[in-house]
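Structure data (PDB, C-alpha atoms, pLDDT in the B column) from input_31.pdb:
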```pdb
MODEL        1
ATOM      1  CA  MET A 412      -1.828  -1.307   9.526  1.00 59.00           C
ATOM      2  CA  PRO A 413       0.966  -1.227   6.908  1.00 75.00           C
ATOM      3  CA  LEU A 414       0.215   0.839   3.825  1.00 79.00           C
ATOM      4  CA  ARG A 415       0.342  -2.082   1.370  1.00 74.00           C
ATOM      5  CA  SER A 416      -2.171  -4.030   3.457  1.00 76.00           C
ATOM      6  CA  ARG A 417      -4.482  -1.014   3.650  1.00 81.00           C
ATOM      7  CA  VAL A 418      -4.290  -0.441  -0.101  1.00 79.00           C
ATOM      8  CA  LEU A 419      -5.152  -4.098  -0.762  1.00 77.00           C
ATOM      9  CA  LEU A 420      -8.133  -3.909   1.580  1.00 80.00           C
ATOM     10  CA  ASP A 421      -9.353  -0.772  -0.201  1.00 83.00           C
ATOM     11  CA  VAL A 422      -8.879  -2.382  -3.624  1.00 80.00           C
ATOM     12  CA  ARG A 423     -10.864  -5.459  -2.557  1.00 79.00           C
ATOM     13  CA  ALA A 424     -13.578  -3.275  -0.981  1.00 83.00           C
ATOM     14  CA  ALA A 425     -13.901  -1.444  -4.306  1.00 87.00           C
ATOM     15  CA  GLY A 426     -14.587  -4.763  -6.033  1.00 84.00           C
ATOM     16  CA  MET A 427     -11.336  -4.994  -7.952  1.00 80.00           C
ATOM     17  CA  PRO A 428     -10.673  -8.727  -8.403  1.00 79.00           C
ATOM     18  CA  HIS A 429      -6.953  -8.662  -9.250  1.00 82.00           C
ATOM     19  CA  PRO A 430      -4.817  -6.164  -7.303  1.00 87.00           C
ATOM     20  CA  VAL A 431      -1.353  -5.572  -8.728  1.00 87.00           C
ATOM     21  CA  ALA A 432       1.754  -4.636  -6.747  1.00 88.00           C
ATOM     22  CA  GLY A 433       3.716  -1.499  -7.521  1.00 86.00           C
ATOM     23  CA  LEU A 434       7.182  -1.052  -8.951  1.00 90.00           C
ATOM     24  CA  TRP A 435      10.553  -2.220  -7.710  1.00 94.00           C
ATOM     25  CA  THR A 436      12.980   0.617  -8.450  1.00 94.00           C
ATOM     26  CA  HIS A 437      16.302  -1.020  -7.512  1.00 96.00           C
ATOM     27  CA  ILE A 438      16.882  -2.374 -11.003  1.00 95.00           C
ATOM     28  CA  GLY A 439      19.929  -4.542 -10.293  1.00 96.00           C
ATOM     29  CA  ASP A 440      18.742  -6.039  -6.985  1.00 98.00           C
ATOM     30  CA  LEU A 441      16.865  -9.115  -8.186  1.00 98.00           C
ATOM     31  CA  ASP A 442      17.094 -10.963  -4.861  1.00 98.00           C
ATOM     32  CA  ARG A 443      15.265  -8.195  -3.026  1.00 97.00           C
ATOM     33  CA  LEU A 444      12.824  -7.901  -5.944  1.00 98.00           C
ATOM     34  CA  ARG A 445      11.941 -11.573  -5.410  1.00 98.00           C
ATOM     35  CA  THR A 446      11.409 -10.954  -1.685  1.00 97.00           C
ATOM     36  CA  PHE A 447       9.255  -7.888  -2.411  1.00 95.00           C
ATOM     37  CA  ALA A 448       7.192  -9.815  -4.979  1.00 96.00           C
ATOM     38  CA  GLU A 449       6.725 -12.772  -2.619  1.00 96.00           C
ATOM     39  CA  GLN A 450       5.574 -10.432   0.157  1.00 92.00           C
ATOM     40  CA  ASN A 451       3.045  -8.808  -2.166  1.00 90.00           C
ATOM     41  CA  ARG A 452       1.782 -12.179  -3.353  1.00 93.00           C
ATOM     42  CA  SER A 453       1.312 -13.309   0.247  1.00 89.00           C
ATOM     43  CA  LEU A 454      -0.721 -10.149   0.888  1.00 85.00           C
ATOM     44  CA  GLY A 455      -3.045 -10.992  -2.004  1.00 86.00           C
ATOM     45  CA  CYS A 456      -1.617  -9.306  -5.083  1.00 89.00           C
ATOM     46  CA  THR A 457      -2.017 -11.287  -8.280  1.00 91.00           C
ATOM     47  CA  GLY A 458       0.721  -9.573 -10.286  1.00 94.00           C
ATOM     48  CA  MET A 459       3.274  -6.800 -10.313  1.00 95.00           C
ATOM     49  CA  MET A 460       4.412  -4.034 -12.641  1.00 94.00           C
ATOM     50  CA  ALA A 461       7.944  -4.105 -14.069  1.00 95.00           C
ATOM     51  CA  ILE A 462      10.125  -1.216 -15.204  1.00 94.00           C
ATOM     52  CA  HIS A 463      13.050  -3.266 -16.499  1.00 96.00           C
ATOM     53  CA  PRO A 464      13.235  -6.404 -18.657  1.00 97.00           C
ATOM     54  CA  SER A 465      15.460  -8.127 -16.081  1.00 97.00           C
ATOM     55  CA  HIS A 466      12.531  -8.051 -13.629  1.00 97.00           C
ATOM     56  CA  ILE A 467      10.154 -10.039 -15.826  1.00 97.00           C
ATOM     57  CA  PRO A 468      11.518 -13.562 -15.155  1.00 97.00           C
ATOM     58  CA  VAL A 469      11.503 -12.985 -11.380  1.00 98.00           C
ATOM     59  CA  ILE A 470       7.990 -11.524 -11.346  1.00 97.00           C
ATOM     60  CA  SER A 471       6.716 -14.241 -13.649  1.00 97.00           C
ATOM     61  CA  ASP A 472       8.221 -16.946 -11.455  1.00 97.00           C
ATOM     62  CA  VAL A 473       6.668 -15.522  -8.283  1.00 97.00           C
ATOM     63  CA  PHE A 474       3.182 -14.862  -9.668  1.00 96.00           C
ATOM     64  CA  SER A 475       2.757 -17.814 -12.043  1.00 94.00           C
ATOM     65  CA  PRO A 476       0.640 -20.663 -10.693  1.00 88.00           C
ATOM     66  CA  ALA A 477       2.442 -23.796  -9.605  1.00 82.00           C
ATOM     67  CA  PRO A 478       2.193 -26.616 -12.181  1.00 78.00           C
ATOM     68  CA  THR A 479      -0.137 -28.569  -9.869  1.00 72.00           C
ATOM     69  CA  ASN A 480      -2.510 -25.582  -9.760  1.00 58.00           C
ATOM     70  CA  SER A 481      -2.844 -25.347 -13.543  1.00 58.00           C
ATOM     71  CA  PRO A 482      -6.132 -26.457 -15.043  1.00 64.00           C
ATOM     72  CA  ALA A 483      -6.054 -29.719 -16.970  1.00 66.00           C
ATOM     73  CA  PRO A 484      -6.076 -29.285 -20.754  1.00 67.00           C
ATOM     74  CA  HIS A 485      -9.412 -29.863 -22.451  1.00 68.00           C
ATOM     75  CA  GLY A 486      -9.417 -32.234 -25.323  1.00 61.00           C
TER      76      GLY A 486
ENDMDL
END
```
Mind converting the file's structure to structure tokens?
Amino acid sequence: MPLRSRVLLDVRAAGMPHPVAGLWTHIGDLDRLRTFAEQNRSLGCTGMMAIHPSHIPVISDVFSPAPTNSPAPHG
């Protein structure tokens, strides 16, 4: 079993409701960051840490809910 999958299983078994992916250290490689973030989301991560401001838009795009999944405003 790949390490990331094992870590996620352990996190869930410990009762942690929102596992977060680790860091992407190749600061200028935003395409591979997106791939890495998408892989982690598909494994069950609900967010990811960032070490550079340029990573925030990519991570936010990958982990933000789709507009159709957003709750309706209360009013």
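Here atom CA of A:Arg423 stands at a distance of 9.6 Å from atom CA of A:Gly455.
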For stretch 426-430 of chain A: contacts at 8 Å, only C-alpha atoms, fewer than 2 positions along chain excluded, given as a ChimeraX atom specification: /A:419,422-424,432,455-458
Take the residues that were just selected and, keeping C-alpha atoms, output them as a short mmCIF file (atom, residue, chain, number, x, y, z; two decimals), in the coordinates of the input.
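Writing the result to again36.cif gives the following:
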```cif
data_model
loop_
_atom_site.label_atom_id
_atom_site.label_comp_id
_atom_site.auth_asym_id
_atom_site.auth_seq_id
_atom_site.Cartn_x
_atom_site.Cartn_y
_atom_site.Cartn_z
CA LEU A 419 -5.15 -4.10 -0.76
CA VAL A 422 -8.88 -2.38 -3.62
CA ARG A 423 -10.86 -5.46 -2.56
CA ALA A 424 -13.58 -3.28 -0.98
CA ALA A 432 1.75 -4.64 -6.75
CA GLY A 455 -3.04 -10.99 -2.00
CA CYS A 456 -1.62 -9.31 -5.08
CA THR A 457 -2.02 -11.29 -8.28
CA GLY A 458 0.72 -9.57 -10.29
#
```
What are the centre and the three edge lengths of an axis-aligned box that wraps all atoms of stretch 429-442 of chain A in the file, given that 3 Å is added to every side, written as AutoDock Vina command-line options and rounded to one decimal in Å?
```
--center_x 6.5 --center_y -5.2 --center_z -7.9 --size_x 32.9 --size_y 17.6 --size_z 12.1
```
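Applied to this file, the PyMOL selection byres ((chain A and resi 438) around 12) selects Leu434, Trp435, Thr436, His437, Gly439, Asp440, Leu441, Asp442, Arg443, Leu444, Arg445, Ala461, Ile462, His463, Pro464, Ser465, His466, Ile467 and Val469 of chain A.
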Convert the current residue selection to file output with C-alpha atoms, as a compact mmCIF listing (two decimals), keeping the file's coordinate frame.
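Saved as selection_38.txt:
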```txt
# COMPACT_ATOMS: atom_id res chain seq x y z
CA LEU A 434 7.18 -1.05 -8.95
CA TRP A 435 10.55 -2.22 -7.71
CA THR A 436 12.98 0.62 -8.45
CA HIS A 437 16.30 -1.02 -7.51
CA GLY A 439 19.93 -4.54 -10.29
CA ASP A 440 18.74 -6.04 -6.98
CA LEU A 441 16.86 -9.12 -8.19
CA ASP A 442 17.09 -10.96 -4.86
CA ARG A 443 15.26 -8.20 -3.03
CA LEU A 444 12.82 -7.90 -5.94
CA ARG A 445 11.94 -11.57 -5.41
CA ALA A 461 7.94 -4.11 -14.07
CA ILE A 462 10.12 -1.22 -15.20
CA HIS A 463 13.05 -3.27 -16.50
CA PRO A 464 13.24 -6.40 -18.66
CA SER A 465 15.46 -8.13 -16.08
CA HIS A 466 12.53 -8.05 -13.63
CA ILE A 467 10.15 -10.04 -15.83
CA VAL A 469 11.50 -12.98 -11.38
```
Point-to-point distance in Å for atom CA of A:Leu420 and atom CA of A:Ala448: 17.7 Å
Minimum-distance residue to A:Gln450, chosen among A:Asp421, A:Arg415, A:Pro478, A:Asp472 (using all atoms listed in the file): A:Arg415
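Interatomic distance, atom CA of A:Arg452 to atom CA of A:Phe474: 7.0 Å.
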